[in-house]
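A.B. asks: This is the content of query-v2.pdb (PDB, C-alpha atoms):
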MODEL        1
ATOM      1  CA  MET N 940       8.743   8.950 -38.900
ATOM      2  CA  THR N 941       5.366   7.457 -38.101
ATOM      3  CA  THR N 942       2.265   9.461 -38.966
ATOM      4  CA  ALA N 943      -0.276   6.884 -37.789
ATOM      5  CA  TRP N 944      -1.409   9.053 -34.879
ATOM      6  CA  ALA N 945      -2.088  12.212 -36.881
ATOM      7  CA  GLY N 946      -5.615  13.275 -37.708
ATOM      8  CA  TYR N 947      -7.373  11.525 -34.815
ATOM      9  CA  ASP N 948      -9.689  13.501 -32.557
ATOM     10  CA  THR N 949      -8.734  11.799 -29.281
ATOM     11  CA  THR N 950      -5.597  10.567 -27.583
ATOM     12  CA  SER N 951      -7.031   7.060 -27.229
ATOM     13  CA  ALA N 952      -7.688   6.855 -30.977
ATOM     14  CA  ALA N 953      -4.173   8.075 -31.717
ATOM     15  CA  LEU N 954      -2.738   5.481 -29.311
ATOM     16  CA  THR N 955      -4.727   2.714 -30.959
ATOM     17  CA  ALA N 956      -3.345   3.700 -34.355
ATOM     18  CA  LEU N 957       0.207   3.745 -32.997
ATOM     19  CA  ALA N 958      -0.311   0.352 -31.376
ATOM     20  CA  ASP N 959      -1.499  -1.087 -34.687
ATOM     21  CA  GLU N 960       1.707   0.204 -36.259
ATOM     22  CA  GLY N 961       3.883  -1.194 -33.454
ATOM     23  CA  ALA N 962       5.322   2.252 -32.820
ATOM     24  CA  THR N 963       7.935   3.240 -30.244
ATOM     25  CA  GLY N 964       8.017   6.784 -28.841
ATOM     26  CA  ALA N 965       6.131   9.313 -26.725
ATOM     27  CA  LEU N 966       2.649  10.677 -27.435
ATOM     28  CA  SER N 967       2.061  14.025 -25.708
ATOM     29  CA  GLY N 968      -1.372  15.357 -24.801
ATOM     30  CA  GLU N 969      -2.925  18.095 -22.699
ATOM     31  CA  ARG N 970      -2.653  16.121 -19.447
ATOM     32  CA  GLY N 971       0.486  14.039 -19.846
ATOM     33  CA  ILE N 972       2.620  11.732 -21.958
ATOM     34  CA  VAL N 973       2.168   8.101 -22.928
ATOM     35  CA  TYR N 974       5.359   6.159 -23.730
ATOM     36  CA  LEU N 975       5.165   3.256 -26.153
ATOM     37  CA  SER N 976       7.539   0.444 -27.033
ATOM     38  CA  SER N 977       6.672  -1.751 -30.003
ATOM     39  CA  GLY N 978       3.065  -0.596 -29.782
ATOM     40  CA  ARG N 979       2.627  -1.290 -26.046
ATOM     41  CA  VAL N 980       2.419   1.206 -23.177
ATOM     42  CA  VAL N 981       5.527   1.173 -20.974
ATOM     43  CA  HIS N 982       4.993   4.350 -18.952
ATOM     44  CA  VAL N 983       2.547   7.236 -18.505
ATOM     45  CA  GLU N 984       3.205  10.438 -16.608
ATOM     46  CA  SER N 985       0.937  13.328 -15.690
ATOM     47  CA  ALA N 986       1.233  16.352 -13.414
ATOM     48  CA  PHE N 987      -2.145  15.356 -11.961
ATOM     49  CA  THR N 988      -0.622  12.315 -10.213
ATOM     50  CA  PRO N 989       2.422  11.856  -7.951
ATOM     51  CA  ASP N 990       5.268  10.347  -9.928
ATOM     52  CA  LEU N 991       6.818   6.999  -9.103
ATOM     53  CA  GLY N 992       9.662   8.610  -7.164
ATOM     54  CA  ALA N 993       7.261  10.477  -4.881
ATOM     55  CA  LEU N 994       5.259   7.332  -4.201
ATOM     56  CA  LEU N 995       8.326   5.227  -3.435
ATOM     57  CA  THR N 996      10.078   7.770  -1.211
ATOM     58  CA  ARG N 997       7.064   9.091   0.691
ATOM     59  CA  SER N 998       5.847   5.577   1.437
ATOM     60  CA  GLY N 999       9.288   4.644   2.764
ATOM     61  CA  ALA N1000       9.812   1.921   0.161
ATOM     62  CA  VAL N1001      12.985   3.671  -1.036
ATOM     63  CA  ALA N1002      15.043   6.279   0.814
ATOM     64  CA  PRO N1003      15.186   9.656  -0.990
ATOM     65  CA  ASP N1004      18.975   9.425  -1.313
ATOM     66  CA  GLY N1005      18.630   5.978  -2.877
ATOM     67  CA  TRP N1006      16.057   7.215  -5.377
ATOM     68  CA  TRP N1007      18.168  10.179  -6.481
ATOM     69  CA  ASP N1008      21.270   8.027  -6.695
ATOM     70  CA  ALA N1009      19.405   5.739  -9.099
ATOM     71  CA  VAL N1010      18.279   8.771 -11.118
ATOM     72  CA  ASP N1011      21.817  10.186 -11.216
ATOM     73  CA  ARG N1012      23.400   6.913 -12.257
ATOM     74  CA  GLY N1013      20.725   5.474 -14.512
ATOM     75  CA  GLY N1014      18.663   8.373 -15.867
ATOM     76  CA  THR N1015      20.629   9.136 -19.009
ATOM     77  CA  GLN N1016      20.721   5.423 -19.914
ATOM     78  CA  HIS N1017      16.953   5.017 -19.215
ATOM     79  CA  ARG N1018      17.776   2.475 -16.503
ATOM     80  CA  VAL N1019      16.560   4.055 -13.256
ATOM     81  CA  GLY N1020      14.313   1.089 -12.512
ATOM     82  CA  HIS N1021      17.156  -1.355 -13.132
ATOM     83  CA  ARG N1022      19.431   0.651 -10.817
ATOM     84  CA  LEU N1023      16.876   0.443  -7.994
ATOM     85  CA  VAL N1024      16.657  -3.328  -8.327
ATOM     86  CA  ASP N1025      20.339  -4.010  -9.006
ATOM     87  CA  SER N1026      21.366  -1.942  -5.965
ATOM     88  CA  GLY N1027      19.047  -3.956  -3.725
ATOM     89  CA  ARG N1028      16.931  -0.939  -2.807
ATOM     90  CA  LEU N1029      13.771  -2.472  -4.235
ATOM     91  CA  THR N1030      12.702  -5.927  -5.367
ATOM     92  CA  ALA N1031      11.701  -6.455  -8.982
ATOM     93  CA  GLY N1032       8.182  -7.409  -7.921
ATOM     94  CA  ALA N1033       7.702  -4.296  -5.773
ATOM     95  CA  LEU N1034       8.988  -2.077  -8.572
ATOM     96  CA  GLU N1035       6.608  -3.656 -11.083
ATOM     97  CA  LEU N1036       3.628  -3.286  -8.746
ATOM     98  CA  CYS N1037       4.369   0.381  -7.994
ATOM     99  CA  HIS N1038       5.106   1.118 -11.636
ATOM    100  CA  LEU N1039       1.816  -0.358 -12.873
ATOM    101  CA  GLY N1040      -0.101   1.555 -10.215
ATOM    102  CA  ALA N1041       1.509   4.834 -11.266
ATOM    103  CA  LEU N1042       0.988   4.000 -14.955
ATOM    104  CA  PHE N1043      -2.767   3.411 -14.636
ATOM    105  CA  ASP N1044      -3.227   6.416 -12.323
ATOM    106  CA  ALA N1045      -1.589   8.761 -14.837
ATOM    107  CA  ALA N1046      -3.378   7.131 -17.775
ATOM    108  CA  TYR N1047      -6.734   7.946 -16.163
ATOM    109  CA  PHE N1048      -6.011  11.658 -16.433
ATOM    110  CA  VAL N1049      -4.590  11.414 -19.940
ATOM    111  CA  LEU N1050      -7.373   9.233 -21.352
ATOM    112  CA  ALA N1051     -10.535   9.434 -19.242
ATOM    113  CA  HIS N1052     -11.205  13.018 -20.341
ATOM    114  CA  ASP N1053     -10.040  12.191 -23.826
ATOM    115  CA  THR N1054      -8.610  15.275 -25.519
ATOM    116  CA  ARG N1055      -6.650  15.474 -28.730
ATOM    117  CA  ALA N1056      -2.995  14.449 -28.779
ATOM    118  CA  HIS N1057      -0.462  17.174 -29.522
ATOM    119  CA  ARG N1058       2.478  15.360 -31.023
ATOM    120  CA  PHE N1059       4.337  12.064 -31.248
ATOM    121  CA  ARG N1060       8.115  11.787 -30.870
ATOM    122  CA  PRO N1061       9.323   8.571 -32.492
ATOM    123  CA  GLY N1062      11.993   6.709 -30.533
ATOM    124  CA  ALA N1063      11.610   8.761 -27.340
ATOM    125  CA  ALA N1064      12.087   6.712 -24.158
ATOM    126  CA  HIS N1065      11.311   7.479 -20.527
ATOM    127  CA  TRP N1066      14.250   7.849 -18.136
ATOM    128  CA  LEU N1067      12.800   5.168 -15.815
ATOM    129  CA  GLY N1068      13.423   2.443 -18.397
ATOM    130  CA  ALA N1069      11.351  -0.604 -19.240
ATOM    131  CA  VAL N1070       9.618  -2.275 -16.282
ATOM    132  CA  ARG N1071       6.397  -3.835 -17.586
ATOM    133  CA  SER N1072       4.503  -3.162 -20.819
ATOM    134  CA  VAL N1073       0.716  -3.127 -21.118
ATOM    135  CA  PRO N1074      -1.454  -3.357 -24.256
ATOM    136  CA  VAL N1075      -2.954  -0.024 -25.338
ATOM    137  CA  GLU N1076      -6.412  -1.607 -25.365
ATOM    138  CA  THR N1077      -6.063  -2.551 -21.694
ATOM    139  CA  VAL N1078      -4.963   0.951 -20.675
ATOM    140  CA  VAL N1079      -7.806   2.617 -22.596
ATOM    141  CA  ARG N1080     -10.411   0.206 -21.216
ATOM    142  CA  GLU N1081      -9.214   0.592 -17.618
ATOM    143  CA  SER N1082      -9.250   4.395 -17.868
ATOM    144  CA  ALA N1083     -12.847   4.314 -19.104
ATOM    145  CA  ARG N1084     -13.831   1.886 -16.327
ATOM    146  CA  ARG N1085     -12.357   4.181 -13.687
ATOM    147  CA  ARG N1086     -14.125   7.208 -15.071
ATOM    148  CA  ALA N1087     -17.470   5.398 -15.078
ATOM    149  CA  LEU N1088     -17.026   4.265 -11.466
ATOM    150  CA  LEU N1089     -16.000   7.718 -10.235
ATOM    151  CA  ASP N1090     -18.917   9.346 -12.057
ATOM    152  CA  ARG N1091     -21.324   6.929 -10.368
ATOM    153  CA  ILE N1092     -19.983   8.048  -6.981
ATOM    154  CA  TRP N1093     -20.136  11.779  -7.754
ATOM    155  CA  PRO N1094     -20.458  13.105 -11.334
ATOM    156  CA  ASP N1095     -18.187  16.142 -11.076
ATOM    157  CA  PRO N1096     -14.768  15.641 -12.724
ATOM    158  CA  ASP N1097     -13.483  18.947 -11.307
ATOM    159  CA  ILE N1098     -12.991  17.159  -7.988
ATOM    160  CA  ASP N1099     -10.113  15.293  -9.642
ATOM    161  CA  THR N1100      -8.035  18.320 -10.611
ATOM    162  CA  VAL N1101      -8.900  21.551  -8.743
ATOM    163  CA  PRO N1102      -8.008  22.646  -5.183
ATOM    164  CA  LEU N1103     -10.536  21.299  -2.705
ATOM    165  CA  THR N1104     -12.051  22.704   0.464
ATOM    166  CA  ARG N1105     -14.216  21.389   3.277
ATOM    167  CA  VAL N1106     -17.862  22.423   3.333
ATOM    168  CA  PRO N1107     -18.448  24.778   6.311
ATOM    169  CA  ASP N1108     -20.480  23.394   9.207
ATOM    170  CA  ALA N1109     -20.528  19.909   7.681
ATOM    171  CA  GLY N1110     -19.040  17.748  10.379
ATOM    172  CA  PRO N1111     -17.879  14.229   9.488
ATOM    173  CA  VAL N1112     -19.654  11.469  11.373
ATOM    174  CA  GLY N1113     -18.266   7.941  11.573
ATOM    175  CA  LEU N1114     -16.077   8.125   8.468
ATOM    176  CA  PRO N1115     -14.006   5.064   7.508
ATOM    177  CA  VAL N1116     -10.342   5.459   8.423
ATOM    178  CA  ARG N1117      -9.033   6.039   4.894
ATOM    179  CA  ARG N1118     -11.752   8.585   4.116
ATOM    180  CA  GLY N1119     -11.127  10.391   7.368
ATOM    181  CA  ARG N1120      -7.378  10.579   6.644
ATOM    182  CA  THR N1121      -8.145  11.958   3.214
ATOM    183  CA  LEU N1122     -10.469  14.612   4.640
ATOM    184  CA  THR N1123      -7.788  15.856   7.039
ATOM    185  CA  GLN N1124      -5.648  16.832   4.040
ATOM    186  CA  VAL N1125      -8.362  18.934   2.363
ATOM    187  CA  ASP N1126      -7.302  22.503   3.119
ATOM    188  CA  GLY N1127      -8.563  24.728   0.308
ATOM    189  CA  VAL N1128      -5.208  24.598  -1.446
ATOM    190  CA  ARG N1129      -4.308  20.997  -2.209
ATOM    191  CA  THR N1130      -5.567  19.137  -5.254
ATOM    192  CA  ALA N1131      -6.304  15.413  -5.345
ATOM    193  CA  ALA N1132      -2.787  14.709  -6.654
ATOM    194  CA  GLU N1133      -1.206  16.709  -3.838
ATOM    195  CA  ILE N1134      -3.355  14.966  -1.241
ATOM    196  CA  ALA N1135      -2.374  11.595  -2.688
ATOM    197  CA  SER N1136       1.289  12.591  -2.548
ATOM    198  CA  VAL N1137       1.071  13.691   1.103
ATOM    199  CA  LEU N1138      -0.629  10.422   2.019
ATOM    200  CA  ALA N1139       1.795   8.378  -0.163
ATOM    201  CA  CYS N1140      -1.331   6.844  -1.633
ATOM    202  CA  ARG N1141      -2.388   5.836  -5.119
ATOM    203  CA  THR N1142      -4.168   8.728  -6.838
ATOM    204  CA  TYR N1143      -7.132   6.640  -7.941
ATOM    205  CA  HIS N1144      -7.815   5.458  -4.396
ATOM    206  CA  THR N1145      -7.655   9.086  -3.262
ATOM    207  CA  LEU N1146     -10.081  10.138  -6.011
ATOM    208  CA  VAL N1147     -12.568   7.499  -4.859
ATOM    209  CA  GLU N1148     -12.476   8.839  -1.300
ATOM    210  CA  LEU N1149     -12.689  12.475  -2.400
ATOM    211  CA  ARG N1150     -15.686  11.828  -4.637
ATOM    212  CA  ARG N1151     -17.373   9.987  -1.752
ATOM    213  CA  LEU N1152     -16.645  12.951   0.501
ATOM    214  CA  ALA N1153     -18.162  15.245  -2.139
ATOM    215  CA  ALA N1154     -21.235  13.006  -2.384
ATOM    216  CA  ASP N1155     -21.561  13.189   1.420
ATOM    217  CA  GLY N1156     -21.523  16.990   1.267
ATOM    218  CA  LEU N1157     -18.193  17.289   3.086
ATOM    219  CA  VAL N1158     -15.900  18.463   0.279
ATOM    220  CA  THR N1159     -16.298  20.811  -2.661
ATOM    221  CA  ALA N1160     -14.142  22.687  -5.138
ATOM    222  CA  ALA N1161     -12.316  25.610  -3.543
ATOM    223  CA  PRO N1162     -13.230  29.137  -4.672
ATOM    224  CA  PRO N1163     -11.011  30.381  -7.520
ATOM    225  CA  ALA N1164      -7.699  31.758  -6.307
ATOM    226  CA  PRO N1165      -6.527  35.277  -7.226
ATOM    227  CA  ARG N1166      -5.492  35.594 -10.824
ATOM    228  CA  ALA N1167      -2.544  33.348 -11.538
ATOM    229  CA  PRO N1168       0.381  34.130 -13.856
ATOM    230  CA  ALA N1169      -0.330  33.751 -17.538
ATOM    231  CA  ALA N1170      -0.530  30.204 -18.837
ATOM    232  CA  PRO N1171       2.194  28.863 -21.127
ATOM    233  CA  PRO N1172       1.810  29.873 -24.780
ATOM    234  CA  HIS N1173      -0.677  27.840 -26.799
ATOM    235  CA  GLY N1174       0.962  24.805 -28.295
ATOM    236  CA  VAL N1175       3.419  24.154 -25.455
ATOM    237  CA  VAL N1176       3.353  20.422 -24.744
ATOM    238  CA  TRP N1177       4.718  18.047 -22.155
ATOM    239  CA  ASP N1178       8.275  16.882 -22.350
ATOM    240  CA  ASP N1179      10.133  14.268 -20.392
ATOM    241  CA  PRO N1180      12.734  15.477 -17.862
ATOM    242  CA  ASP N1181      16.319  14.351 -18.139
ATOM    243  CA  ALA N1182      18.508  13.382 -15.220
ATOM    244  CA  ALA N1183      20.150  16.823 -15.051
ATOM    245  CA  LEU N1184      16.771  18.508 -14.666
ATOM    246  CA  LEU N1185      15.785  16.080 -11.924
ATOM    247  CA  ARG N1186      19.018  16.819 -10.081
ATOM    248  CA  ARG N1187      18.323  20.557 -10.271
ATOM    249  CA  LEU N1188      14.829  20.031  -8.901
ATOM    250  CA  ARG N1189      16.243  17.924  -6.074
ATOM    251  CA  ASP N1190      18.833  20.572  -5.208
ATOM    252  CA  ALA N1191      16.182  23.291  -5.191
ATOM    253  CA  LEU N1192      13.895  21.279  -2.929
ATOM    254  CA  GLU N1193      16.736  20.526  -0.540
ATOM    255  CA  ALA N1194      17.644  24.232  -0.425
ATOM    256  CA  LEU N1195      14.044  25.073   0.490
TER     257      LEU N1195
ENDMDL
END
With the file now loaded, output its structure as structure tokens.

C.D. replies:
Amino acid sequence: MTTAWAGYDTTSAALTALADEGATGALSGERGIVYLSSGRVVHVESAFTPDLGALLTRSGAVAPDGWWDAVDRGGTQHRVGHRLVDSGRLTAGALELCHLGALFDAAYFVLAHDTRAHRFRPGAAHWLGAVRSVPVETVVRESARRRALLDRIWPDPDIDTVPLTRVPDAGPVGLPVRRGRTLTQVDGVRTAAEIASVLACRTYHTLVELRRLAADGLVTAAPPAPRAPAAPPHGVVWDDPDAALLRRLRDALEAL
């Protein structure tokens, strides 16, 4: 079992150590999981971004039934991506493009506000399967670049993660189309990730528009909601869903 990641204060430092070792497995942190293969990043997931399935189905690139069929048939073998391509539902190039977009979006949340990693599971693989690997250095550098750009637009990271509301009596005037579409989804309940999912849009692009809306005085963090149920016990970390769990989630959503 590798111990290269242990003892580092940040997730990015732990990832760099694992990359130097050429490790394969999943590094869990407060905001998501980074999957490595031979020291390179192959997937990142975070609850603060729509997952690849949501992006593909909501954009119309893949029908929901086709996505879940690929999950059912390929999830346990970590070959969901291969199933999508082999079945003709998606081209290899389109899958790679969507996958890299989702990877860098999720990595921003895991790495830009760099907290300490919780644990590393050697040998763990994501159910999507290998699509395209990226050097750890590239992922860390891109996450920092995105944070710097967003902070230049509006230096309040809460905009990225909390429910957002429109500022009363602040009417939009001559907004660009994408920014106007983003504003229509701000309702006091949705977060940036939920707005991105509704729009079938990359999370980072949505964050750019939301920070610009905040800088224009049109959007702000929503007031705190009534007290929520207790948070999970300290020490609970992310885990990757298996195909059975995804099927149960699908069935529950269809029932609703």

A.B. asks: Could you spell out the hits of the PyMOL selection byres ((chain N and resi 1098-1105) around 8) on the shown file, as a short mmCIF file (atom, residue, chain, number, x, y, z; two decimals) with C-alpha atoms, keeping the file's coordinate frame?

C.D. replies:
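The resulting file, part.cif, is reproduced below:
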data_model
loop_
_atom_site.label_atom_id
_atom_site.label_comp_id
_atom_site.auth_asym_id
_atom_site.auth_seq_id
_atom_site.Cartn_x
_atom_site.Cartn_y
_atom_site.Cartn_z
CA PHE N 987 -2.14 15.36 -11.96
CA ASP N 1095 -18.19 16.14 -11.08
CA PRO N 1096 -14.77 15.64 -12.72
CA ASP N 1097 -13.48 18.95 -11.31
CA VAL N 1106 -17.86 22.42 3.33
CA PRO N 1107 -18.45 24.78 6.31
CA ALA N 1109 -20.53 19.91 7.68
CA LEU N 1122 -10.47 14.61 4.64
CA VAL N 1125 -8.36 18.93 2.36
CA ASP N 1126 -7.30 22.50 3.12
CA GLY N 1127 -8.56 24.73 0.31
CA VAL N 1128 -5.21 24.60 -1.45
CA ARG N 1129 -4.31 21.00 -2.21
CA THR N 1130 -5.57 19.14 -5.25
CA ALA N 1131 -6.30 15.41 -5.34
CA ALA N 1132 -2.79 14.71 -6.65
CA LEU N 1146 -10.08 10.14 -6.01
CA LEU N 1149 -12.69 12.48 -2.40
CA ARG N 1150 -15.69 11.83 -4.64
CA LEU N 1157 -18.19 17.29 3.09
CA VAL N 1158 -15.90 18.46 0.28
CA THR N 1159 -16.30 20.81 -2.66
CA ALA N 1160 -14.14 22.69 -5.14
CA ALA N 1161 -12.32 25.61 -3.54
#

A.B. asks: Taking the file as I've supplied it (selection: the PyMOL selection byres ((chain N and resi 1055) around 6)), which residues are included? Please answer as a list in words.

C.D. replies: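 Checked against the file, the PyMOL selection byres ((chain N and resi 1055) around 6) matches Asp948, Thr949, Thr950, Thr1054 and Ala1056 of chain N.
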
A.B. asks: I need the residue set behind the PyMOL selection byres ((chain N and resi 1076-1081) around 12) for this file; please write it as a PyMOL selection string.

C.D. replies: chain N and resi 949-959+973-975+978-983+1039-1040+1042-1053+1072-1075+1082-1088+1143

A.B. asks: Could you please take those selected residues and save C-alpha atoms as a compact mmCIF listing (two decimals), keeping the file's coordinate frame?

C.D. replies:
# COMPACT_ATOMS: atom_id res chain seq x y z
CA THR N 949 -8.73 11.80 -29.28
CA THR N 950 -5.60 10.57 -27.58
CA SER N 951 -7.03 7.06 -27.23
CA ALA N 952 -7.69 6.86 -30.98
CA ALA N 953 -4.17 8.07 -31.72
CA LEU N 954 -2.74 5.48 -29.31
CA THR N 955 -4.73 2.71 -30.96
CA ALA N 956 -3.34 3.70 -34.35
CA LEU N 957 0.21 3.74 -33.00
CA ALA N 958 -0.31 0.35 -31.38
CA ASP N 959 -1.50 -1.09 -34.69
CA VAL N 973 2.17 8.10 -22.93
CA TYR N 974 5.36 6.16 -23.73
CA LEU N 975 5.16 3.26 -26.15
CA GLY N 978 3.06 -0.60 -29.78
CA ARG N 979 2.63 -1.29 -26.05
CA VAL N 980 2.42 1.21 -23.18
CA VAL N 981 5.53 1.17 -20.97
CA HIS N 982 4.99 4.35 -18.95
CA VAL N 983 2.55 7.24 -18.50
CA LEU N 1039 1.82 -0.36 -12.87
CA GLY N 1040 -0.10 1.56 -10.22
CA LEU N 1042 0.99 4.00 -14.96
CA PHE N 1043 -2.77 3.41 -14.64
CA ASP N 1044 -3.23 6.42 -12.32
CA ALA N 1045 -1.59 8.76 -14.84
CA ALA N 1046 -3.38 7.13 -17.77
CA TYR N 1047 -6.73 7.95 -16.16
CA PHE N 1048 -6.01 11.66 -16.43
CA VAL N 1049 -4.59 11.41 -19.94
CA LEU N 1050 -7.37 9.23 -21.35
CA ALA N 1051 -10.54 9.43 -19.24
CA HIS N 1052 -11.20 13.02 -20.34
CA ASP N 1053 -10.04 12.19 -23.83
CA SER N 1072 4.50 -3.16 -20.82
CA VAL N 1073 0.72 -3.13 -21.12
CA PRO N 1074 -1.45 -3.36 -24.26
CA VAL N 1075 -2.95 -0.02 -25.34
CA SER N 1082 -9.25 4.39 -17.87
CA ALA N 1083 -12.85 4.31 -19.10
CA ARG N 1084 -13.83 1.89 -16.33
CA ARG N 1085 -12.36 4.18 -13.69
CA ARG N 1086 -14.12 7.21 -15.07
CA ALA N 1087 -17.47 5.40 -15.08
CA LEU N 1088 -17.03 4.26 -11.47
CA TYR N 1143 -7.13 6.64 -7.94

A.B. asks: Between CA of Gly1062 (chain N) and CA of Gln1016 (chain N), what is the distance in Å, rounded to a tenth?

C.D. replies: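 Between these atoms lies a distance of 13.8 Å.
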
A.B. asks: Which is closest to Asp1025 (chain N) among N:Arg1151, N:His1057, N:Arg1012, N:Arg970, if we use only C-alpha atoms?

C.D. replies: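 Smallest distance to Asp1025 (chain N) is found for N:Arg1012.
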
A.B. asks: For CA of Glu1133 (chain N) and CA of Cys1037 (chain N), determine how far apart the two atoms are, in Å to one decimal place.

C.D. replies: 17.7 Å

A.B. asks: Which distance in Å separates CA of Asp1008 (chain N) and CA of Leu1034 (chain N), to one decimal?

C.D. replies: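 Answer for the CA of Asp1008 (chain N) to CA of Leu1034 (chain N) separation: 16.0 Å.
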
A.B. asks: Could you check which of N:Gly1113, N:Gly961, N:Gly1020, N:Gly968 is closest to His1065 (chain N), using only C-alpha atoms?

C.D. replies: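 Among the listed residues, the smallest separation from His1065 (chain N) belongs to N:Gly1020.
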
A.B. asks: For Arg1018 (chain N), which residue out of N:Pro1003, N:Pro1061, N:Pro989, N:Gly1068 is the nearest one, using only C-alpha atoms?

C.D. replies: N:Gly1068

A.B. asks: Got a sec: who's within 7 Å of Ser967 (chain N), counting all atoms listed in the file, leaving out chain neighbours fewer than 2 positions off, as number ranges by chain?

C.D. replies: N: 965, 971-973, 1056-1059, 1176-1177

A.B. asks: Could those selected residues go to a file with C-alpha atoms, as a JSON list (two decimals), in the frame of the given file?

C.D. replies:
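Result written to part36.json:
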[["chain", "number", "residue", "atom", "x", "y", "z"],
["N", 965, "ALA", "CA", 6.13, 9.31, -26.72],
["N", 971, "GLY", "CA", 0.49, 14.04, -19.85],
["N", 972, "ILE", "CA", 2.62, 11.73, -21.96],
["N", 973, "VAL", "CA", 2.17, 8.10, -22.93],
["N", 1056, "ALA", "CA", -3.00, 14.45, -28.78],
["N", 1057, "HIS", "CA", -0.46, 17.17, -29.52],
["N", 1058, "ARG", "CA", 2.48, 15.36, -31.02],
["N", 1059, "PHE", "CA", 4.34, 12.06, -31.25],
["N", 1176, "VAL", "CA", 3.35, 20.42, -24.74],
["N", 1177, "TRP", "CA", 4.72, 18.05, -22.16]]

A.B. asks: Ranking N:Ala1041, N:Val1001, N:Leu1114, N:Cys1140 by minimum distance to Asp1155 (chain N) and counting only C-alpha atoms, which one comes first?

C.D. replies: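 Checking each of N:Ala1041, N:Val1001, N:Leu1114, N:Cys1140 against Asp1155 (chain N), counting only C-alpha atoms, the winner is N:Leu1114.
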
A.B. asks: Would you be able to write out as a PDB file with C-alpha atoms, in the frame of the given file which residues have an atom within 8 Å of (23.3, 1.3, -5.8) in the file's coordinates, counting all atoms listed in the file?

C.D. replies:
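Writing the result to selection.pdb gives the following:
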ATOM      1  CA  GLY N1005      18.630   5.978  -2.877  1.00  0.00           C
ATOM      2  CA  ASP N1008      21.270   8.027  -6.695  1.00  0.00           C
ATOM      3  CA  ALA N1009      19.405   5.739  -9.099  1.00  0.00           C
ATOM      4  CA  ARG N1022      19.431   0.651 -10.817  1.00  0.00           C
ATOM      5  CA  LEU N1023      16.876   0.443  -7.994  1.00  0.00           C
ATOM      6  CA  ASP N1025      20.339  -4.010  -9.006  1.00  0.00           C
ATOM      7  CA  SER N1026      21.366  -1.942  -5.965  1.00  0.00           C
ATOM      8  CA  GLY N1027      19.047  -3.956  -3.725  1.00  0.00           C
ATOM      9  CA  ARG N1028      16.931  -0.939  -2.807  1.00  0.00           C
TER      10      ARG N1028
END

A.B. asks: Excluding Thr996 (chain N) and residues on its chain fewer than 2 positions from it, collect all residues at most 12 Å away from it, counting only C-alpha atoms, and give them as number ranges by chain.

C.D. replies: N: 989-994, 998-1007, 1028-1029, 1037, 1136-1140

A.B. asks: Could you save those same residues with C-alpha atoms as an mmCIF file, in the frame of the given file?

C.D. replies:
data_model
loop_
_atom_site.group_PDB
_atom_site.id
_atom_site.type_symbol
_atom_site.label_atom_id
_atom_site.label_comp_id
_atom_site.auth_asym_id
_atom_site.auth_seq_id
_atom_site.Cartn_x
_atom_site.Cartn_y
_atom_site.Cartn_z
ATOM 1 C CA PRO N 989 2.422 11.856 -7.951
ATOM 2 C CA ASP N 990 5.268 10.347 -9.928
ATOM 3 C CA LEU N 991 6.818 6.999 -9.103
ATOM 4 C CA GLY N 992 9.662 8.610 -7.164
ATOM 5 C CA ALA N 993 7.261 10.477 -4.881
ATOM 6 C CA LEU N 994 5.259 7.332 -4.201
ATOM 7 C CA SER N 998 5.847 5.577 1.437
ATOM 8 C CA GLY N 999 9.288 4.644 2.764
ATOM 9 C CA ALA N 1000 9.812 1.921 0.161
ATOM 10 C CA VAL N 1001 12.985 3.671 -1.036
ATOM 11 C CA ALA N 1002 15.043 6.279 0.814
ATOM 12 C CA PRO N 1003 15.186 9.656 -0.990
ATOM 13 C CA ASP N 1004 18.975 9.425 -1.313
ATOM 14 C CA GLY N 1005 18.630 5.978 -2.877
ATOM 15 C CA TRP N 1006 16.057 7.215 -5.377
ATOM 16 C CA TRP N 1007 18.168 10.179 -6.481
ATOM 17 C CA ARG N 1028 16.931 -0.939 -2.807
ATOM 18 C CA LEU N 1029 13.771 -2.472 -4.235
ATOM 19 C CA CYS N 1037 4.369 0.381 -7.994
ATOM 20 C CA SER N 1136 1.289 12.591 -2.548
ATOM 21 C CA VAL N 1137 1.071 13.691 1.103
ATOM 22 C CA LEU N 1138 -0.629 10.422 2.019
ATOM 23 C CA ALA N 1139 1.795 8.378 -0.163
ATOM 24 C CA CYS N 1140 -1.331 6.844 -1.633
#
